[in-house]
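Visitor: Pasting query.cif here (mmCIF, C-alpha atoms):
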data_protein
loop_
_atom_site.label_atom_id
_atom_site.label_comp_id
_atom_site.auth_asym_id
_atom_site.auth_seq_id
_atom_site.Cartn_x
_atom_site.Cartn_y
_atom_site.Cartn_z
CA MET A 1 -18.50 -36.83 -33.11
CA THR A 2 -16.09 -34.32 -31.63
CA THR A 3 -14.73 -35.05 -28.17
CA TYR A 4 -13.02 -32.58 -25.89
CA GLN A 5 -10.50 -33.03 -23.11
CA GLN A 6 -10.59 -30.61 -20.24
CA VAL A 7 -7.15 -29.09 -19.73
CA PHE A 8 -7.96 -26.33 -17.25
CA SER A 9 -10.15 -26.08 -14.16
CA ARG A 10 -10.69 -23.97 -11.07
CA PRO A 11 -8.15 -24.71 -8.31
CA GLU A 12 -9.71 -26.37 -5.26
CA SER A 13 -8.34 -23.57 -3.07
CA LEU A 14 -10.54 -21.02 -4.86
CA LYS A 15 -14.27 -20.67 -4.29
CA ASP A 16 -16.68 -21.12 -7.19
CA VAL A 17 -17.76 -17.47 -7.37
CA ALA A 18 -17.85 -14.78 -10.03
CA THR A 19 -15.09 -12.17 -9.90
CA HIS A 20 -15.84 -8.54 -9.12
CA PHE A 21 -12.42 -7.28 -10.21
CA CYS A 22 -12.32 -4.85 -13.13
CA PRO A 23 -11.77 -6.27 -16.65
CA GLY A 24 -8.04 -6.66 -17.23
CA CYS A 25 -7.11 -6.53 -13.53
CA HIS A 26 -4.38 -9.02 -12.68
CA HIS A 27 -5.52 -9.70 -9.11
CA GLY A 28 -7.63 -12.64 -10.29
CA THR A 29 -4.68 -14.14 -12.14
CA PHE A 30 -2.43 -13.92 -9.09
CA HIS A 31 -5.22 -15.43 -6.98
CA ARG A 32 -5.26 -18.39 -9.34
CA LEU A 33 -1.48 -18.84 -9.23
CA CYS A 34 -1.47 -18.74 -5.43
CA ALA A 35 -4.35 -21.23 -5.28
CA GLU A 36 -2.64 -23.56 -7.75
CA ALA A 37 0.48 -23.51 -5.58
CA LEU A 38 -1.56 -24.38 -2.48
CA ASP A 39 -3.24 -27.22 -4.38
CA LYS A 40 0.03 -28.65 -5.72
CA LEU A 41 1.56 -28.60 -2.25
CA GLN A 42 -1.68 -29.90 -0.65
CA LEU A 43 -1.83 -26.94 1.71
CA GLN A 44 -5.44 -25.78 1.43
CA LYS A 45 -6.52 -27.05 4.84
CA GLU A 46 -3.27 -25.92 6.47
CA THR A 47 -3.18 -22.33 5.21
CA ILE A 48 -4.16 -19.03 6.81
CA GLY A 49 -4.23 -15.93 4.62
CA VAL A 50 -3.82 -12.40 5.96
CA ALA A 51 -5.36 -9.63 3.85
CA SER A 52 -4.89 -5.92 4.36
CA VAL A 53 -6.73 -2.83 3.10
CA GLY A 54 -7.11 -2.20 -0.63
CA CYS A 55 -8.24 -4.46 -3.47
CA SER A 56 -6.32 -7.18 -1.63
CA VAL A 57 -8.93 -7.12 1.12
CA PHE A 58 -11.25 -9.36 -0.92
CA LEU A 59 -9.03 -12.39 -0.39
CA TYR A 60 -11.65 -13.95 1.91
CA GLY A 61 -14.26 -13.83 -0.85
CA TYR A 62 -12.24 -15.89 -3.32
CA PHE A 63 -9.99 -18.28 -1.37
CA ASP A 64 -11.49 -21.34 0.28
CA ILE A 65 -9.14 -21.07 3.25
CA ASP A 66 -9.13 -19.32 6.62
CA VAL A 67 -8.44 -15.59 6.23
CA VAL A 68 -7.67 -12.93 8.82
CA GLU A 69 -8.30 -9.24 8.07
CA ALA A 70 -5.58 -6.78 9.09
CA PRO A 71 -5.65 -2.98 9.49
CA HIS A 72 -4.14 -0.92 6.68
CA GLY A 73 -0.48 -1.87 6.22
CA ARG A 74 -0.37 -4.14 9.24
CA ALA A 75 -0.69 -7.53 7.54
CA PRO A 76 2.97 -8.51 8.24
CA ALA A 77 2.48 -7.74 11.93
CA VAL A 78 -0.73 -9.76 12.05
CA ALA A 79 0.89 -12.60 10.11
CA THR A 80 3.78 -12.58 12.58
CA GLY A 81 1.33 -13.12 15.43
CA VAL A 82 -0.61 -15.82 13.56
CA LYS A 83 2.52 -17.74 12.60
CA ARG A 84 4.04 -17.54 16.07
CA ALA A 85 0.77 -18.77 17.59
CA ARG A 86 0.30 -21.52 14.99
CA ARG A 87 3.72 -22.68 13.83
CA ASP A 88 2.05 -25.70 12.22
CA LYS A 89 0.16 -23.54 9.72
CA VAL A 90 1.22 -22.03 6.40
CA VAL A 91 0.68 -18.27 6.61
CA PHE A 92 0.80 -15.71 3.81
CA THR A 93 -0.04 -12.05 3.38
CA TYR A 94 -1.60 -10.63 0.23
CA GLN A 95 -1.01 -6.88 -0.11
CA GLY A 96 -0.99 -4.03 -2.59
CA ASP A 97 1.64 -1.34 -3.12
CA GLY A 98 -0.33 1.47 -1.48
CA ASP A 99 -0.66 -0.79 1.56
CA LEU A 100 2.70 -2.55 1.83
CA ALA A 101 5.05 0.13 0.48
CA ALA A 102 3.43 3.17 2.11
CA ILE A 103 1.60 2.91 5.43
CA GLY A 104 2.97 -0.60 5.95
CA THR A 105 6.63 0.09 5.22
CA SER A 106 7.72 -0.39 8.82
CA GLU A 107 5.85 -3.67 9.21
CA ILE A 108 7.19 -5.32 6.06
CA ILE A 109 10.78 -4.14 6.61
CA HIS A 110 10.96 -5.42 10.17
CA ALA A 111 9.14 -8.69 9.45
CA ALA A 112 11.61 -9.39 6.64
CA ASN A 113 14.59 -8.31 8.73
CA ARG A 114 13.54 -10.63 11.56
CA GLY A 115 13.18 -13.44 9.05
CA GLU A 116 9.61 -14.21 10.04
CA PRO A 117 8.81 -17.61 8.48
CA PHE A 118 5.82 -16.69 6.31
CA THR A 119 5.17 -15.79 2.66
CA VAL A 120 4.31 -12.37 1.22
CA ILE A 121 2.50 -11.80 -2.08
CA PHE A 122 2.95 -8.11 -2.95
CA VAL A 123 0.83 -6.88 -5.87
CA ASN A 124 2.37 -3.76 -7.43
CA ASN A 125 0.11 -1.89 -9.87
CA THR A 126 1.76 1.53 -9.27
CA THR A 127 -1.38 3.11 -7.85
CA TYR A 128 -3.88 3.11 -5.00
CA GLY A 129 -6.41 0.92 -6.80
CA MET A 130 -9.36 0.88 -4.40
CA THR A 131 -9.49 4.50 -3.27
CA GLY A 132 -9.35 6.44 -6.53
CA GLY A 133 -6.01 5.93 -8.25
CA GLN A 134 -3.80 8.18 -6.14
CA MET A 135 -0.01 8.24 -6.51
CA ALA A 136 1.68 5.37 -4.67
CA PRO A 137 5.30 4.77 -3.59
CA THR A 138 5.68 2.66 -6.75
CA THR A 139 4.13 5.14 -9.21
CA LEU A 140 6.48 5.47 -12.18
CA PRO A 141 8.29 8.69 -13.17
CA GLN A 142 5.91 11.04 -15.01
CA GLN A 143 2.96 8.68 -14.45
CA GLN A 144 -0.32 10.55 -14.17
CA THR A 145 -2.58 9.69 -11.25
CA SER A 146 -5.46 11.42 -9.52
CA THR A 147 -2.97 13.13 -7.18
CA SER A 148 -0.25 13.66 -9.79
CA PRO A 149 -2.28 14.88 -12.80
CA TYR A 150 0.85 16.30 -14.44
CA GLY A 151 2.90 13.20 -13.78
CA ARG A 152 5.14 12.09 -10.94
CA ASP A 153 7.82 14.73 -10.42
CA LEU A 154 10.96 13.02 -9.15
CA GLN A 155 12.37 16.20 -7.62
CA ARG A 156 9.18 16.84 -5.68
CA ASP A 157 7.82 13.32 -5.11
CA GLY A 158 10.94 11.18 -5.02
CA TYR A 159 11.61 7.96 -6.88
CA PRO A 160 9.50 4.80 -7.12
CA ILE A 161 10.54 2.25 -4.52
CA ARG A 162 11.85 -1.06 -5.81
CA MET A 163 10.57 -3.23 -2.97
CA ALA A 164 12.01 -6.56 -4.14
CA GLU A 165 15.53 -5.18 -4.20
CA LEU A 166 15.00 -3.49 -0.84
CA ILE A 167 13.74 -6.67 0.83
CA ALA A 168 16.49 -8.77 -0.76
CA GLY A 169 19.09 -6.53 0.87
CA LEU A 170 17.90 -7.45 4.37
CA ASP A 171 19.74 -10.30 6.07
CA GLY A 172 16.50 -11.85 7.33
CA SER A 173 14.93 -12.45 3.92
CA ALA A 174 15.48 -15.87 2.32
CA TYR A 175 13.70 -15.84 -1.03
CA VAL A 176 12.78 -12.73 -3.05
CA ALA A 177 11.52 -12.59 -6.63
CA ARG A 178 9.64 -10.23 -8.94
CA VAL A 179 7.17 -11.66 -11.45
CA ALA A 180 4.53 -10.60 -13.98
CA VAL A 181 1.70 -12.24 -15.91
CA ASP A 182 1.58 -10.08 -19.04
CA THR A 183 2.75 -12.91 -21.32
CA PRO A 184 2.35 -16.71 -21.20
CA LYS A 185 6.08 -17.11 -20.52
CA ASN A 186 6.02 -14.65 -17.63
CA LEU A 187 2.86 -16.25 -16.23
CA ILE A 188 4.51 -19.67 -16.15
CA GLN A 189 7.58 -18.23 -14.41
CA ALA A 190 5.33 -16.42 -11.93
CA GLY A 191 3.59 -19.66 -11.01
CA LYS A 192 6.92 -21.36 -10.37
CA ALA A 193 8.17 -18.49 -8.20
CA ILE A 194 4.99 -18.35 -6.12
CA GLN A 195 5.10 -22.10 -5.55
CA LYS A 196 8.73 -21.83 -4.50
CA ALA A 197 7.86 -19.06 -2.04
CA PHE A 198 5.38 -21.40 -0.34
CA GLU A 199 7.89 -24.27 -0.46
CA TYR A 200 10.36 -22.12 1.47
CA GLN A 201 7.84 -21.87 4.27
CA VAL A 202 6.91 -25.56 4.19
CA LYS A 203 10.59 -26.44 4.48
CA GLN A 204 11.01 -23.90 7.30
CA GLN A 205 13.62 -21.98 5.36
CA GLY A 206 12.55 -18.45 6.21
CA PHE A 207 10.88 -15.31 4.90
CA ALA A 208 9.76 -15.38 1.24
CA PHE A 209 8.64 -12.32 -0.75
CA ILE A 210 7.04 -12.20 -4.21
CA GLU A 211 6.54 -8.84 -5.95
CA ALA A 212 3.84 -9.27 -8.60
CA LEU A 213 3.61 -6.58 -11.29
CA ALA A 214 -0.04 -6.01 -12.16
CA ALA A 215 -2.26 -3.96 -14.45
CA CYS A 216 -4.93 -1.56 -13.15
CA PRO A 217 -6.84 -0.57 -16.32
CA THR A 218 -9.53 1.45 -14.53
CA ASN A 219 -7.20 3.79 -12.65
CA TRP A 220 -4.70 3.92 -15.51
CA GLY A 221 -7.51 5.05 -17.82
CA MET A 222 -6.76 2.24 -20.30
CA GLN A 223 -8.49 -0.64 -22.00
CA PRO A 224 -7.47 -4.09 -20.67
CA LEU A 225 -5.17 -5.02 -23.56
CA GLU A 226 -3.48 -1.63 -23.47
CA ALA A 227 -2.95 -1.91 -19.71
CA ASN A 228 -1.53 -5.42 -20.05
CA ALA A 229 0.92 -4.15 -22.67
CA ARG A 230 1.99 -1.34 -20.36
CA VAL A 231 3.24 -3.87 -17.81
CA GLY A 232 5.80 -5.04 -20.35
CA SER A 233 6.62 -1.72 -21.97
CA GLU A 234 6.86 0.53 -18.89
CA MET A 235 6.77 -1.41 -15.64
CA ILE A 236 9.21 -4.23 -16.34
CA PRO A 237 11.98 -1.88 -17.59
CA TYR A 238 11.83 -0.03 -14.24
CA PHE A 239 11.00 -3.08 -12.10
CA PRO A 240 13.02 -5.88 -13.75
CA LEU A 241 11.79 -9.44 -13.34
CA GLY A 242 13.87 -12.15 -11.75
CA THR A 243 15.06 -13.75 -8.54
CA PHE A 244 16.86 -11.31 -6.29
CA LYS A 245 17.61 -13.71 -3.46
CA ASP A 246 17.47 -17.48 -3.12
CA ARG A 247 19.44 -18.22 0.00
CA PHE A 248 19.45 -21.98 -0.18
CA ALA A 249 20.12 -22.15 -3.91
CA GLU A 250 23.08 -19.84 -3.34
CA GLN A 251 24.29 -22.18 -0.62
CA GLY A 252 23.70 -25.21 -2.83
CA ALA A 253 21.16 -26.63 -0.39
CA HIS A 254 17.80 -25.87 -1.99
#
Could you quickly redo this structure as structure tokens?

Guide:
Amino acid sequence: MTTYQQVFSRPESLKDVATHFCPGCHHGTFHRLCAEALDKLQLQKETIGVASVGCSVFLYGYFDIDVVEAPHGRAPAVATGVKRARRDKVVFTYQGDGDLAAIGTSEIIHAANRGEPFTVIFVNNTTYGMTGGQMAPTTLPQQQTSTSPYGRDLQRDGYPIRMAELIAGLDGSAYVARVAVDTPKNLIQAGKAIQKAFEYQVKQQGFAFIEALAACPTNWGMQPLEANARVGSEMIPYFPLGTFKDRFAEQGAH
């Protein structure tokens, strides 16, 4: 008689519901990593999520925590208010690149510069995923989108914004890292970085920012496996993975 040992299960911080995300989309994977971090740190009942406009808006449908909806790009401003009103709670925003790096640029820059003590999960899939695949601030050079059918022209459209490096350069930020989940090794590292970002908040050590490179097969016009491979072959070379700031490790106190 064959016996089996269960080695994987749904995190308690996630609801038992079917996903609606497209096949190959990495949002579900990052949801799981965030939920696992909340479980490990026993934060489920102490956490408030702030979701903005885009595919990130569905946070409330998957996480078994309190969630506040924010207007497009304004999640850092809303999170600032929530955290200042409830200092005892763990607060995090979950945002996409079209949201955070475009209409929400001002909010994220000033929240980071002030050192607001919450956590940001920034999902970068180089496109506006929910509204039709338009060019985003993170769209790669020559990448074709619905609004750049001939590819992103750097002379006309400018360069993709490397948000992790930008945030790390602000004095108010404390922990900044860029992660991906295209390989098992990268997924494990991503889980560790996300947990550390929440630990920074628990220990009251300041503003933490995770940039999560993600696939968007539907808007990229690719099959899931092809889109996953593109993260490693095209995105990571332009958006290198790693820790860009770890204030307390640098000071020998973390």

Visitor: Would you translate the PyMOL selection byres ((chain A and resi 82) around 12) into the concrete set of residues it matches in this file, as a PyMOL selection string?

Guide: chain A and resi 47-50+66-70+75-81+83-93+116-118

Visitor: For this file, the PyMOL selection byres ((chain A and resi 205-209) around 6) selects which residues, as a list in words?

Guide: Gly115, Glu116, Pro117, Phe118, Thr119, Val120, Ser173, Ala174, Tyr175, Val176, Ala197, Tyr200, Gln201, Lys203, Gln204 and Ile210 of chain A

Visitor: Write a file of the just-selected residues containing C-alpha atoms, as a PDB file, keeping the file's coordinate frame.

Guide:
ATOM      1  CA  GLY A 115      13.180 -13.440   9.050  1.00  0.00           C
ATOM      2  CA  GLU A 116       9.610 -14.210  10.040  1.00  0.00           C
ATOM      3  CA  PRO A 117       8.810 -17.610   8.480  1.00  0.00           C
ATOM      4  CA  PHE A 118       5.820 -16.690   6.310  1.00  0.00           C
ATOM      5  CA  THR A 119       5.170 -15.790   2.660  1.00  0.00           C
ATOM      6  CA  VAL A 120       4.310 -12.370   1.220  1.00  0.00           C
ATOM      7  CA  SER A 173      14.930 -12.450   3.920  1.00  0.00           C
ATOM      8  CA  ALA A 174      15.480 -15.870   2.320  1.00  0.00           C
ATOM      9  CA  TYR A 175      13.700 -15.840  -1.030  1.00  0.00           C
ATOM     10  CA  VAL A 176      12.780 -12.730  -3.050  1.00  0.00           C
ATOM     11  CA  ALA A 197       7.860 -19.060  -2.040  1.00  0.00           C
ATOM     12  CA  TYR A 200      10.360 -22.120   1.470  1.00  0.00           C
ATOM     13  CA  GLN A 201       7.840 -21.870   4.270  1.00  0.00           C
ATOM     14  CA  LYS A 203      10.590 -26.440   4.480  1.00  0.00           C
ATOM     15  CA  GLN A 204      11.010 -23.900   7.300  1.00  0.00           C
ATOM     16  CA  ILE A 210       7.040 -12.200  -4.210  1.00  0.00           C
TER      17      ILE A 210
END

Visitor: Within 8 Å of Asn219 in chain A, counting only C-alpha atoms, which residues show up once you throw out same-chain ones fewer than 5 positions away? Write them as a list in words, please.

Guide: Thr127, Gly129, Gly132, Gly133 and Thr145 of chain A

Visitor: What residues come out when you apply the PyMOL selection byres ((chain A and resi 52) around 9) to this file, written as a list in words?

Guide: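 Written out, the selection comes to Val50, Ala51, Val53, Gly54, Cys55, Ser56, Val57, Phe58, Val68, Glu69, Ala70, Pro71, His72, Gly73, Arg74, Ala75, Thr93, Tyr94, Gln95, Gly96, Asp99 and Leu100 of chain A.
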
Visitor: Just the selected residues (C-alpha atoms), exported as an mmCIF file, in the frame of the given file, please.

Guide:
data_model
loop_
_atom_site.group_PDB
_atom_site.id
_atom_site.type_symbol
_atom_site.label_atom_id
_atom_site.label_comp_id
_atom_site.auth_asym_id
_atom_site.auth_seq_id
_atom_site.Cartn_x
_atom_site.Cartn_y
_atom_site.Cartn_z
ATOM 1 C CA VAL A 50 -3.820 -12.400 5.960
ATOM 2 C CA ALA A 51 -5.360 -9.630 3.850
ATOM 3 C CA VAL A 53 -6.730 -2.830 3.100
ATOM 4 C CA GLY A 54 -7.110 -2.200 -0.630
ATOM 5 C CA CYS A 55 -8.240 -4.460 -3.470
ATOM 6 C CA SER A 56 -6.320 -7.180 -1.630
ATOM 7 C CA VAL A 57 -8.930 -7.120 1.120
ATOM 8 C CA PHE A 58 -11.250 -9.360 -0.920
ATOM 9 C CA VAL A 68 -7.670 -12.930 8.820
ATOM 10 C CA GLU A 69 -8.300 -9.240 8.070
ATOM 11 C CA ALA A 70 -5.580 -6.780 9.090
ATOM 12 C CA PRO A 71 -5.650 -2.980 9.490
ATOM 13 C CA HIS A 72 -4.140 -0.920 6.680
ATOM 14 C CA GLY A 73 -0.480 -1.870 6.220
ATOM 15 C CA ARG A 74 -0.370 -4.140 9.240
ATOM 16 C CA ALA A 75 -0.690 -7.530 7.540
ATOM 17 C CA THR A 93 -0.040 -12.050 3.380
ATOM 18 C CA TYR A 94 -1.600 -10.630 0.230
ATOM 19 C CA GLN A 95 -1.010 -6.880 -0.110
ATOM 20 C CA GLY A 96 -0.990 -4.030 -2.590
ATOM 21 C CA ASP A 99 -0.660 -0.790 1.560
ATOM 22 C CA LEU A 100 2.700 -2.550 1.830
#

Visitor: Any idea what the distance is between CA of Gln44 in chain A and CA of Gly24 in chain A?

Guide: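 Going from CA of Gln44 in chain A over to CA of Gly24 in chain A, I get 26.8 Å.
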
Visitor: Which one is closest to Lys40 in chain A: A:Phe21, A:Trp220, A:Tyr60, A:Phe198? Count only C-alpha atoms.

Guide: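 Closest candidate: A:Phe198.
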
Visitor: Applying 10 Å and only C-alpha atoms, which residues near Gly61 in chain A remain after dropping the ones on its own chain fewer than 4 positions away? List them as number ranges by chain.

Guide: A: 14-20, 57, 65, 67

Visitor: Interatomic distance between CA of Gly28 in chain A and CA of Ala136 in chain A?

Guide: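 If I compute the distance from CA of Gly28 in chain A to CA of Ala136 in chain A, I get 21.0 Å.
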
Visitor: Kindly indicate which residue among A:Leu170, A:Arg114, A:Leu187, A:Met135 lies nearest to Asp153 in chain A, using all atoms listed in the file for the distances.

Guide: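 Nearest candidate to Asp153 in chain A out of A:Leu170, A:Arg114, A:Leu187, A:Met135: A:Met135.
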
Visitor: For CA of Phe122 in chain A and CA of Glu211 in chain A, determine how far apart the two atoms are, in Å to one decimal place.

Guide: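 One can read the CA of Phe122 in chain A to CA of Glu211 in chain A distance as 4.7 Å.
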
Visitor: Could you check which of A:Ala227, A:Leu241, A:Val202, A:Leu59 is closest to Leu43 in chain A, using only C-alpha atoms?

Guide: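 Nearest candidate to Leu43 in chain A out of A:Ala227, A:Leu241, A:Val202, A:Leu59: A:Val202.
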
Visitor: Please provide the set of residues having any atom within 8 Å of Gly151 in chain A, restricted to all atoms listed in the file, with same-chain residues fewer than 4 positions apart removed, written as a PDB file with C-alpha atoms, in the coordinates of the input.

Guide:
ATOM      1  CA  PRO A 141       8.290   8.690 -13.170  1.00  0.00           C
ATOM      2  CA  GLN A 142       5.910  11.040 -15.010  1.00  0.00           C
ATOM      3  CA  GLN A 143       2.960   8.680 -14.450  1.00  0.00           C
ATOM      4  CA  GLN A 144      -0.320  10.550 -14.170  1.00  0.00           C
ATOM      5  CA  THR A 145      -2.580   9.690 -11.250  1.00  0.00           C
TER       6      THR A 145
END

Visitor: With all atoms listed in the file as the basis for distance, which of A:Pro240, A:Pro184, A:Gly232, A:Gly104 is at the shortest distance from Arg162 in chain A?

Guide: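 For Arg162 in chain A, the nearest of the given residues is A:Pro240.
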
Visitor: Quick one: of A:Phe8, A:Asn124, A:Asn113, A:Gln134, who's nearest to Val179 in chain A, counting only C-alpha atoms?

Guide: A:Asn124

Visitor: For Asn125 in chain A, list every protein, DNA or RNA residue within 7 Å, evaluated using only C-alpha atoms, and leave out those in the same chain fewer than 4 positions away; present the list as a PyMOL selection string.

Guide: chain A and resi 97+213-216

Visitor: Go through A:Gln189, A:Thr29, A:Ser148, A:Thr138 one by one, measure the shortest atom-to-atom distance of each to Tyr238 in chain A using only C-alpha atoms, and give the residue with the smallest value.

Guide: A:Thr138

Visitor: Using only C-alpha atoms, determine which residues lie at most 10 Å from Asp39 in chain A, disregarding the query and same-chain residues fewer than 4 positions distant; provide the list as a list in words.

Guide: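 So, after excluding close chain neighbours, the residues are Pro11, Glu12, Ser13, Leu14, Leu33, Cys34, Ala35, Leu43, Gln44, Lys45 and Gln195 of chain A.
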